[in-house]
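Structure file my_file_39.txt; described as compact mmCIF, C-alpha atoms.
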```txt
# COMPACT_ATOMS: atom_id res chain seq x y z
CA MET A 1 -12.77 31.43 41.91
CA SER A 2 -15.19 28.61 41.37
CA ILE A 3 -14.20 25.20 40.11
CA GLY A 4 -16.16 25.86 36.94
CA THR A 5 -14.27 29.08 36.21
CA ALA A 6 -10.96 27.39 36.94
CA THR A 7 -11.84 24.70 34.42
CA PHE A 8 -12.69 27.24 31.72
CA SER A 9 -9.52 29.25 32.32
CA ALA A 10 -7.22 26.22 32.21
CA PRO A 11 -4.86 26.09 29.23
CA PRO A 12 -5.93 23.81 26.42
CA ALA A 13 -4.55 20.28 26.38
CA PRO A 14 -1.47 19.86 24.17
CA VAL A 15 -2.29 18.84 20.65
CA LEU A 16 -0.92 15.34 20.09
CA GLY A 17 -1.43 15.43 16.37
CA ARG A 18 -4.41 15.20 14.09
CA ILE A 19 -6.26 12.11 12.99
CA PRO A 20 -6.40 12.21 9.18
CA GLY A 21 -9.93 11.54 7.93
CA ASN A 22 -11.73 10.17 10.97
CA LYS A 23 -11.24 7.61 13.76
CA ALA A 24 -13.49 5.03 12.09
CA ILE A 25 -11.34 4.76 8.97
CA TRP A 26 -8.26 4.19 11.12
CA VAL A 27 -10.00 1.29 12.87
CA GLY A 28 -10.58 -0.13 9.40
CA ILE A 29 -6.99 0.56 8.28
CA TYR A 30 -5.60 -1.04 11.47
CA CYS A 31 -7.74 -4.12 10.69
CA GLU A 32 -6.46 -4.14 7.11
CA LEU A 33 -2.83 -3.81 8.24
CA THR A 34 -3.31 -6.58 10.84
CA GLU A 35 -4.94 -8.90 8.30
CA PHE A 36 -2.06 -8.43 5.87
CA ALA A 37 0.54 -8.65 8.65
CA LEU A 38 -0.72 -12.16 9.43
CA MET A 39 -0.52 -13.07 5.75
CA PHE A 40 3.00 -11.65 5.51
CA ILE A 41 4.03 -13.79 8.49
CA VAL A 42 2.69 -16.84 6.64
CA TYR A 43 4.69 -15.71 3.59
CA PHE A 44 7.94 -15.40 5.57
CA LEU A 45 7.46 -18.76 7.29
CA ALA A 46 6.73 -20.43 3.94
CA ARG A 47 9.82 -18.72 2.50
CA ALA A 48 11.95 -20.03 5.37
CA HIS A 49 10.63 -23.58 4.87
CA HIS A 50 10.78 -23.60 1.06
CA PRO A 51 13.62 -21.26 -0.04
CA GLU A 52 13.98 -22.93 -3.47
CA ALA A 53 10.31 -22.46 -4.33
CA PHE A 54 10.49 -18.77 -3.40
CA ARG A 55 13.81 -18.26 -5.20
CA ASP A 56 12.41 -19.67 -8.46
CA GLY A 57 8.86 -18.37 -7.98
CA PRO A 58 9.13 -14.77 -9.27
CA GLN A 59 10.45 -16.06 -12.62
CA GLN A 60 7.11 -17.81 -13.14
CA LEU A 61 5.15 -14.55 -12.82
CA SER A 62 4.71 -11.70 -15.26
CA THR A 63 6.98 -8.88 -14.06
CA LEU A 64 5.24 -6.60 -16.55
CA ALA A 65 1.87 -7.21 -14.84
CA GLY A 66 3.40 -6.52 -11.41
CA VAL A 67 5.10 -3.31 -12.56
CA THR A 68 1.96 -2.14 -14.40
CA ASN A 69 -0.23 -2.65 -11.35
CA THR A 70 2.29 -0.85 -9.14
CA VAL A 71 2.30 2.11 -11.53
CA ILE A 72 -1.51 2.03 -11.52
CA MET A 73 -1.75 1.99 -7.71
CA LEU A 74 0.82 4.78 -7.29
CA THR A 75 -0.76 6.94 -9.97
CA SER A 76 -4.30 6.47 -8.69
CA SER A 77 -3.07 7.31 -5.17
CA TYR A 78 -1.35 10.43 -6.52
CA PHE A 79 -4.56 11.55 -8.27
CA VAL A 80 -6.56 11.08 -5.05
CA ALA A 81 -3.98 13.12 -3.11
CA ARG A 82 -4.27 15.89 -5.73
CA GLY A 83 -8.05 15.74 -5.36
CA VAL A 84 -7.77 16.27 -1.60
CA MET A 85 -5.41 19.21 -2.19
CA ALA A 86 -7.91 20.77 -4.60
CA MET A 87 -10.72 20.37 -2.07
CA ARG A 88 -8.61 22.13 0.58
CA ARG A 89 -8.69 25.15 -1.74
CA SER A 90 -12.45 24.77 -2.30
CA GLN A 91 -11.87 23.77 -5.94
CA ARG A 92 -14.67 21.22 -6.06
CA ALA A 93 -14.74 20.79 -9.85
CA THR A 94 -10.97 20.29 -9.96
CA CYS A 95 -11.20 17.80 -7.12
CA LEU A 96 -13.85 15.84 -9.03
CA LYS A 97 -11.60 15.73 -12.11
CA TRP A 98 -8.72 14.30 -10.08
CA LEU A 99 -11.02 11.73 -8.47
CA THR A 100 -12.37 10.73 -11.89
CA ALA A 101 -8.80 10.28 -13.12
CA ALA A 102 -8.08 8.17 -10.01
CA LEU A 103 -11.14 6.01 -10.70
CA PHE A 104 -10.28 5.30 -14.34
CA THR A 105 -6.66 4.61 -13.41
CA GLY A 106 -7.69 2.40 -10.49
CA ILE A 107 -10.06 0.34 -12.66
CA GLY A 108 -6.96 -0.68 -14.60
CA TYR A 109 -5.83 -2.72 -11.58
CA PRO A 110 -8.53 -5.46 -11.72
CA VAL A 111 -8.32 -5.39 -15.53
CA VAL A 112 -4.57 -6.09 -15.47
CA LYS A 113 -5.17 -8.68 -12.75
CA PHE A 114 -7.72 -10.45 -14.97
CA PHE A 115 -5.25 -10.75 -17.85
CA GLU A 116 -2.45 -11.71 -15.47
CA VAL A 117 -4.50 -14.61 -14.10
CA GLN A 118 -5.34 -15.74 -17.65
CA TRP A 119 -1.61 -15.62 -18.43
CA ASN A 120 -0.82 -17.59 -15.24
CA VAL A 121 -3.43 -20.26 -15.84
CA ALA A 122 -2.19 -20.76 -19.41
CA ARG A 123 1.23 -21.55 -17.87
CA GLY A 124 -0.11 -23.89 -15.22
CA LEU A 125 0.12 -21.50 -12.24
CA SER A 126 -2.92 -22.31 -10.14
CA GLY A 127 -4.07 -21.65 -6.59
CA ASN A 128 -3.65 -25.32 -5.65
CA GLY A 129 -0.11 -25.52 -7.04
CA GLU A 130 3.13 -25.39 -5.08
CA VAL A 131 3.66 -23.22 -2.00
CA PHE A 132 4.90 -20.07 -3.80
CA GLN A 133 1.87 -20.04 -6.09
CA MET A 134 -0.52 -20.54 -3.17
CA ALA A 135 1.09 -17.67 -1.22
CA TYR A 136 0.98 -15.49 -4.34
CA TYR A 137 -2.73 -16.09 -4.99
CA TYR A 138 -3.61 -15.84 -1.29
CA LEU A 139 -1.99 -12.42 -0.80
CA THR A 140 -2.67 -10.83 -4.17
CA PHE A 141 -6.34 -11.88 -4.32
CA ASN A 142 -6.89 -10.48 -0.84
CA HIS A 143 -5.31 -7.26 -1.99
CA LEU A 144 -7.52 -7.27 -5.09
CA VAL A 145 -10.58 -7.46 -2.83
CA HIS A 146 -9.37 -4.40 -0.92
CA VAL A 147 -8.77 -2.53 -4.18
CA CYS A 148 -12.34 -3.33 -5.32
CA TRP A 149 -13.72 -2.04 -2.02
CA GLY A 150 -11.61 1.07 -2.51
CA LEU A 151 -13.01 1.61 -6.01
CA LEU A 152 -16.54 1.45 -4.56
CA GLY A 153 -15.49 3.95 -1.88
CA LEU A 154 -14.03 6.18 -4.58
CA LEU A 155 -17.38 6.16 -6.42
CA TRP A 156 -19.07 7.16 -3.16
CA VAL A 157 -16.78 10.13 -2.43
CA MET A 158 -17.07 11.21 -6.08
CA ALA A 159 -20.86 11.29 -5.73
CA ARG A 160 -20.56 13.21 -2.44
CA THR A 161 -18.14 15.68 -4.04
CA TRP A 162 -20.47 16.15 -7.01
CA MET A 163 -23.40 16.79 -4.61
CA GLY A 164 -21.38 19.46 -2.81
CA ALA A 165 -21.10 17.56 0.48
CA TYR A 166 -17.48 18.62 1.00
CA ASP A 167 -15.77 21.99 1.21
CA ALA A 168 -12.40 23.37 2.24
CA THR A 169 -13.20 23.20 5.95
CA ASP A 170 -15.24 19.98 6.02
CA HIS A 171 -14.04 17.08 3.89
CA ASP A 172 -13.24 14.41 6.48
CA GLY A 173 -15.07 11.76 4.43
CA LEU A 174 -12.94 12.46 1.38
CA GLU A 175 -9.78 12.45 3.46
CA ALA A 176 -10.82 9.20 5.16
CA PHE A 177 -11.23 7.52 1.78
CA ALA A 178 -7.84 8.91 0.68
CA CYS A 179 -6.22 7.34 3.78
CA TYR A 180 -7.75 3.95 2.97
CA TRP A 181 -6.61 4.16 -0.66
CA HIS A 182 -3.05 5.17 0.28
CA ALA A 183 -2.88 2.37 2.90
CA THR A 184 -3.97 -0.13 0.23
CA ASP A 185 -1.25 1.32 -2.01
CA LEU A 186 1.28 0.92 0.83
CA ILE A 187 0.40 -2.77 1.21
CA TRP A 188 0.83 -3.33 -2.53
CA LEU A 189 4.28 -1.71 -2.32
CA MET A 190 5.17 -4.44 0.21
CA ILE A 191 3.62 -7.27 -1.87
CA PHE A 192 5.16 -6.26 -5.21
CA PRO A 193 8.85 -6.87 -4.38
CA LEU A 194 8.12 -10.09 -2.46
CA PHE A 195 6.52 -11.79 -5.47
CA TYR A 196 7.74 -9.99 -8.59
CA VAL A 197 11.15 -8.47 -7.80
CA LEU A 198 13.18 -10.68 -5.46
CA PRO A 199 15.34 -13.00 -7.57
CA MET B 1 0.23 19.87 4.23
CA HIS B 2 2.28 19.39 1.11
CA SER B 3 2.62 21.32 -2.10
CA GLU B 4 1.66 19.87 -5.46
CA ARG B 5 5.28 20.03 -6.54
CA THR B 6 6.54 17.97 -3.58
CA LEU B 7 3.79 15.40 -4.13
CA THR B 8 4.56 15.16 -7.85
CA VAL B 9 8.28 14.67 -7.18
CA ALA B 10 7.44 11.93 -4.64
CA TRP B 11 5.18 10.20 -7.19
CA LEU B 12 7.85 10.34 -9.91
CA VAL B 13 10.49 8.96 -7.53
CA LEU B 14 8.15 6.08 -6.65
CA LEU B 15 7.55 5.36 -10.34
CA GLY B 16 11.29 5.41 -11.03
CA LEU B 17 12.03 2.99 -8.18
CA THR B 18 9.23 0.71 -9.40
CA LEU B 19 10.80 0.52 -12.86
CA ILE B 20 14.19 -0.23 -11.29
CA GLY B 21 12.48 -2.98 -9.28
CA GLY B 22 11.08 -4.42 -12.51
CA VAL B 23 14.57 -4.54 -14.03
CA VAL B 24 15.96 -6.27 -10.90
CA GLY B 25 13.08 -8.76 -11.08
CA ASN B 26 13.98 -9.66 -14.65
CA THR B 27 17.77 -9.62 -14.48
CA GLY B 28 18.92 -9.91 -10.86
CA SER B 29 20.46 -13.04 -9.39
CA PRO B 30 19.72 -14.31 -5.85
CA GLY B 31 21.94 -13.09 -3.05
CA LEU B 32 21.83 -11.47 0.37
CA TRP B 33 22.86 -8.04 -0.90
CA VAL B 34 20.13 -8.08 -3.53
CA THR B 35 17.66 -8.93 -0.77
CA VAL B 36 19.02 -6.08 1.37
CA ALA B 37 18.73 -3.65 -1.58
CA VAL B 38 15.16 -4.75 -2.33
CA ALA B 39 14.26 -4.48 1.38
CA ALA B 40 15.75 -0.97 1.53
CA MET B 41 13.72 0.00 -1.53
CA MET B 42 10.56 -1.39 0.13
CA ALA B 43 11.20 0.65 3.28
CA PHE B 44 12.01 3.82 1.36
CA LYS B 45 8.96 3.61 -0.92
CA GLY B 46 6.76 2.87 2.08
CA ARG B 47 8.11 5.91 3.92
CA VAL B 48 7.52 8.17 0.91
CA VAL B 49 3.87 7.05 0.70
CA ILE B 50 3.44 7.49 4.46
CA ASP B 51 4.95 10.97 4.54
CA HIS B 52 3.73 12.46 1.26
CA PHE B 53 0.52 10.61 0.33
CA LEU B 54 -0.87 9.71 3.77
CA GLU B 55 0.65 12.90 5.24
CA LEU B 56 1.25 11.26 8.61
CA GLY B 57 4.09 13.64 9.54
CA GLY B 58 1.78 15.69 11.78
CA ALA B 59 -0.65 12.90 12.62
CA HIS B 60 -1.37 11.46 16.05
CA PRO B 61 1.72 9.54 17.24
CA SER B 62 -0.14 6.24 17.64
CA ILE B 63 -1.10 6.34 13.97
CA ARG B 64 2.21 7.71 12.66
CA ARG B 65 4.42 5.31 14.63
CA LEU B 66 2.41 2.18 13.85
CA VAL B 67 2.26 2.80 10.12
CA ARG B 68 5.94 3.78 9.94
CA PHE B 69 6.84 0.67 11.96
CA TYR B 70 4.85 -1.46 9.49
CA ALA B 71 6.87 -0.22 6.52
CA VAL B 72 10.14 -0.97 8.33
CA ALA B 73 9.18 -4.27 10.02
CA LEU B 74 8.32 -6.08 6.79
CA PRO B 75 11.65 -5.34 5.02
CA VAL B 76 13.52 -6.29 8.22
CA MET B 77 11.56 -9.57 8.38
CA LEU B 78 12.52 -10.23 4.78
CA ILE B 79 16.23 -9.82 5.55
CA LEU B 80 15.96 -11.94 8.71
CA THR B 81 14.18 -14.69 6.77
CA ASP B 82 16.98 -14.81 4.21
CA LEU B 83 19.68 -14.67 6.93
CA PHE B 84 18.17 -17.17 9.36
CA GLY B 85 15.80 -19.18 7.14
CA PRO B 86 16.93 -22.64 8.35
CA GLN B 87 16.72 -21.61 12.02
CA ILE B 88 13.25 -20.10 11.52
CA ALA B 89 12.14 -23.27 9.70
CA TRP B 90 13.52 -25.41 12.54
CA LEU B 91 11.77 -23.30 15.20
CA THR B 92 8.44 -23.45 13.37
CA THR B 93 8.42 -27.12 12.43
CA LEU B 94 5.73 -29.10 14.23
```

As C-alpha cells:
Amino acid sequence: MSIGTATFSAPPAPVLGRIPGNKAIWVGIYCELTEFALMFIVYFLARAHHPEAFRDGPQQLSTLAGVTNTVIMLTSSYFVARGVMAMRRSQRATCLKWLTAALFTGIGYPVVKFFEVQWNVARGLSGNGEVFQMAYYYLTFNHLVHVCWGLLGLLWVMARTWMGAYDATDHDGLEAFACYWHATDLIWLMIFPLFYVLP
Amino acid sequence: MHSERTLTVAWLVLLGLTLIGGVVGNTGSPGLWVTVAVAAMMAFKGRVVIDHFLELGGAHPSIRRLVRFYAVALPVMLILTDLFGPQIAWLTTL
C-alpha cells in the first residue's frame, strides 16, 4: 500500500464543531467583544472608585428608552434568526420579509437613541459631566456605532437575498451577518442592566 | 438547528425578563442581593441569546466557550465589584 493510498483510506478527522457564518466574521466578533470587554473593565473600575455616582446614575436615565431599545434589539435579532431559518428551507421570499422586518425594527434603535439624547441633554446629562454620565455615553455611543454598521450589513444581505445569491445549501454570508447582529444584541444585553436597571 | 417555536419562546422569555428589568430599574433599592439578581438575569439572557439566536451549541469549542465565558464573566465582575469595590479601588489607585 502506498503512502498516498494510506492517506486516502484514513478515517476523517473528528468534527470539532462548525463555524457559524465564516471565519472572517468571527475575527470581527472577537474584535468587537474585546473592544467592549476593555470598556466594561473601565466601567467596573469607575464603579469601584465612585460607587455613589453609579448608585444614583440609573435614576438620571430614561428607563423607558433603555427598555424600548432592548425590546428593539431582541426583536430585530429574532426576525433575523427567522430569516435564516426560512433560507435553510429555500424560502427566499419569506427570508426577505423577515429581514425587512428586522431592518425596520432595527432602525428604531438609533431613532430612540436620538430622542433619548435630546431628553438627556434637556436634563443636563452631557458627555463631559460626572463619571457615570461619561461611562454611559462612552459605552452606549460605541454600541450605537456597531448597530449602525449592522444596519448597513443588513441592507447588504437583503440585497444579496433579493438577487438570489443565497440558497438552502449556501448562505454563509447571511449567517455571518446574523452572528454579528446577535453578538451586538448580546453586548446590549450586558450594557442595559449596568446603566438602566441596577439601583 | 432550532425550531421556530423554540426560538419564539426564547424571544418571549427575553422580552419578559427585559420588562422585569425595567420594573427593577424604576422601583428597586440598592443592595447586594439585587445586584446578584440582576447579574443572574444578565447571565441567563446572555446564555439564551448564545444558545438560541447564535446557535453556538454545536459550534467550534473555541467560539462556543469564549462567547459563553463572556456572558458569565461580566455578571461575575459586577458582583465582585459590588463586594470588593473599596479593595479594587485601592489596588487601582495610582

Considering only C-alpha atoms, give me a table of residues in chain A that are at most 7 Å from chain B, with the closest atom pair and distance in Å for each, as JSON lines.
```
{"residue": "A:Leu16", "atom": "CA", "partner": "B:His60", "partner_atom": "CA", "distance": 5.6}
{"residue": "A:Gly17", "atom": "CA", "partner": "B:His60", "partner_atom": "CA", "distance": 4.0}
{"residue": "A:Arg18", "atom": "CA", "partner": "B:Ala59", "partner_atom": "CA", "distance": 4.6}
{"residue": "A:Ile19", "atom": "CA", "partner": "B:Ala59", "partner_atom": "CA", "distance": 5.7}
{"residue": "A:Pro20", "atom": "CA", "partner": "B:Ala59", "partner_atom": "CA", "distance": 6.7}
{"residue": "A:Phe44", "atom": "CA", "partner": "B:Thr81", "partner_atom": "CA", "distance": 6.4}
{"residue": "A:Leu45", "atom": "CA", "partner": "B:Ala89", "partner_atom": "CA", "distance": 6.9}
{"residue": "A:Ala48", "atom": "CA", "partner": "B:Gly85", "partner_atom": "CA", "distance": 4.3}
{"residue": "A:His49", "atom": "CA", "partner": "B:Ala89", "partner_atom": "CA", "distance": 5.1}
{"residue": "A:Thr63", "atom": "CA", "partner": "B:Gly22", "partner_atom": "CA", "distance": 6.3}
{"residue": "A:Val67", "atom": "CA", "partner": "B:Gly22", "partner_atom": "CA", "distance": 6.1}
{"residue": "A:Val71", "atom": "CA", "partner": "B:Leu15", "partner_atom": "CA", "distance": 6.3}
{"residue": "A:Leu74", "atom": "CA", "partner": "B:Trp11", "partner_atom": "CA", "distance": 7.0}
{"residue": "A:Tyr78", "atom": "CA", "partner": "B:Trp11", "partner_atom": "CA", "distance": 6.6}
{"residue": "A:Ala81", "atom": "CA", "partner": "B:Phe53", "partner_atom": "CA", "distance": 6.2}
{"residue": "A:Cys179", "atom": "CA", "partner": "B:Leu54", "partner_atom": "CA", "distance": 5.9}
{"residue": "A:His182", "atom": "CA", "partner": "B:Leu54", "partner_atom": "CA", "distance": 6.1}
{"residue": "A:Leu186", "atom": "CA", "partner": "B:Gly46", "partner_atom": "CA", "distance": 5.9}
{"residue": "A:Leu189", "atom": "CA", "partner": "B:Met42", "partner_atom": "CA", "distance": 6.7}
{"residue": "A:Met190", "atom": "CA", "partner": "B:Met42", "partner_atom": "CA", "distance": 6.2}
{"residue": "A:Pro193", "atom": "CA", "partner": "B:Val38", "partner_atom": "CA", "distance": 7.0}
{"residue": "A:Tyr196", "atom": "CA", "partner": "B:Gly25", "partner_atom": "CA", "distance": 6.0}
{"residue": "A:Val197", "atom": "CA", "partner": "B:Gly25", "partner_atom": "CA", "distance": 3.8}
{"residue": "A:Leu198", "atom": "CA", "partner": "B:Gly25", "partner_atom": "CA", "distance": 5.9}
{"residue": "A:Pro199", "atom": "CA", "partner": "B:Pro30", "partner_atom": "CA", "distance": 4.9}
```

Only C-alpha atoms, please: the residues just picked out, written as an mmCIF file, in the frame of the given file.
```
data_model
loop_
_atom_site.group_PDB
_atom_site.id
_atom_site.type_symbol
_atom_site.label_atom_id
_atom_site.label_comp_id
_atom_site.auth_asym_id
_atom_site.auth_seq_id
_atom_site.Cartn_x
_atom_site.Cartn_y
_atom_site.Cartn_z
ATOM 1 C CA LEU A 16 -0.920 15.340 20.090
ATOM 2 C CA GLY A 17 -1.430 15.430 16.370
ATOM 3 C CA ARG A 18 -4.410 15.200 14.090
ATOM 4 C CA ILE A 19 -6.260 12.110 12.990
ATOM 5 C CA PRO A 20 -6.400 12.210 9.180
ATOM 6 C CA PHE A 44 7.940 -15.400 5.570
ATOM 7 C CA LEU A 45 7.460 -18.760 7.290
ATOM 8 C CA ALA A 48 11.950 -20.030 5.370
ATOM 9 C CA HIS A 49 10.630 -23.580 4.870
ATOM 10 C CA THR A 63 6.980 -8.880 -14.060
ATOM 11 C CA VAL A 67 5.100 -3.310 -12.560
ATOM 12 C CA VAL A 71 2.300 2.110 -11.530
ATOM 13 C CA LEU A 74 0.820 4.780 -7.290
ATOM 14 C CA TYR A 78 -1.350 10.430 -6.520
ATOM 15 C CA ALA A 81 -3.980 13.120 -3.110
ATOM 16 C CA CYS A 179 -6.220 7.340 3.780
ATOM 17 C CA HIS A 182 -3.050 5.170 0.280
ATOM 18 C CA LEU A 186 1.280 0.920 0.830
ATOM 19 C CA LEU A 189 4.280 -1.710 -2.320
ATOM 20 C CA MET A 190 5.170 -4.440 0.210
ATOM 21 C CA PRO A 193 8.850 -6.870 -4.380
ATOM 22 C CA TYR A 196 7.740 -9.990 -8.590
ATOM 23 C CA VAL A 197 11.150 -8.470 -7.800
ATOM 24 C CA LEU A 198 13.180 -10.680 -5.460
ATOM 25 C CA PRO A 199 15.340 -13.000 -7.570
#
```

Worksheet item: From the set A:Thr75, A:Pro58, A:Gln133, A:Cys95, which residue has the shortest atom-to-atom contact distance to B:Val13, counting all atoms listed in the file?
Response: A:Thr75

Name the residues in contact with A:Leu125 at a cut-off of 10 Å, using only C-alpha atoms, excluding same-chain residues fewer than 4 positions from it; report them as a tab-separated table (two decimals) with C-alpha atoms, in the coordinates of the input.
```
chain	number	residue	atom	x	y	z
A	60	GLN	CA	7.11	-17.81	-13.14
A	61	LEU	CA	5.15	-14.55	-12.82
A	117	VAL	CA	-4.50	-14.61	-14.10
A	118	GLN	CA	-5.34	-15.74	-17.65
A	119	TRP	CA	-1.61	-15.62	-18.43
A	120	ASN	CA	-0.82	-17.59	-15.24
A	121	VAL	CA	-3.43	-20.26	-15.84
A	129	GLY	CA	-0.11	-25.52	-7.04
A	130	GLU	CA	3.13	-25.39	-5.08
A	132	PHE	CA	4.90	-20.07	-3.80
A	133	GLN	CA	1.87	-20.04	-6.09
A	134	MET	CA	-0.52	-20.54	-3.17
A	136	TYR	CA	0.98	-15.49	-4.34
A	137	TYR	CA	-2.73	-16.09	-4.99
```

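Take atom CA of A:Arg123 and atom CA of A:His146: the distance between them is 26.3 Å.
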
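Between atom CA of A:His143 and atom CA of A:Trp188 the interatomic distance comes to 7.3 Å.
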
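Atom pair atom CA of A:Met39 / atom CA of B:Leu94: separated by 19.2 Å.
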
Discussion item. Please list as a list of chain:residue names every residue within 8 Å of A:Gly150, counting only C-alpha atoms and excluding residues in the same chain fewer than 2 positions away.
Written reply: A:His146, A:Val147, A:Cys148, A:Leu152, A:Gly153, A:Leu154, A:Phe177, A:Tyr180, A:Trp181

Item to complete: Please provide as a PyMOL selection string all residues within 9 Å of A:Arg88, with the sequence filter that same-chain residues fewer than 4 positions apart are discarded (counting all atoms listed in the file).
Response: chain A and resi 83-84+167-171

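Using all atoms listed in the file, the shortest contact distance between A:Phe104 and any of A:Asn128, A:Arg89, A:Leu155, A:Ser62 is found at A:Leu155.
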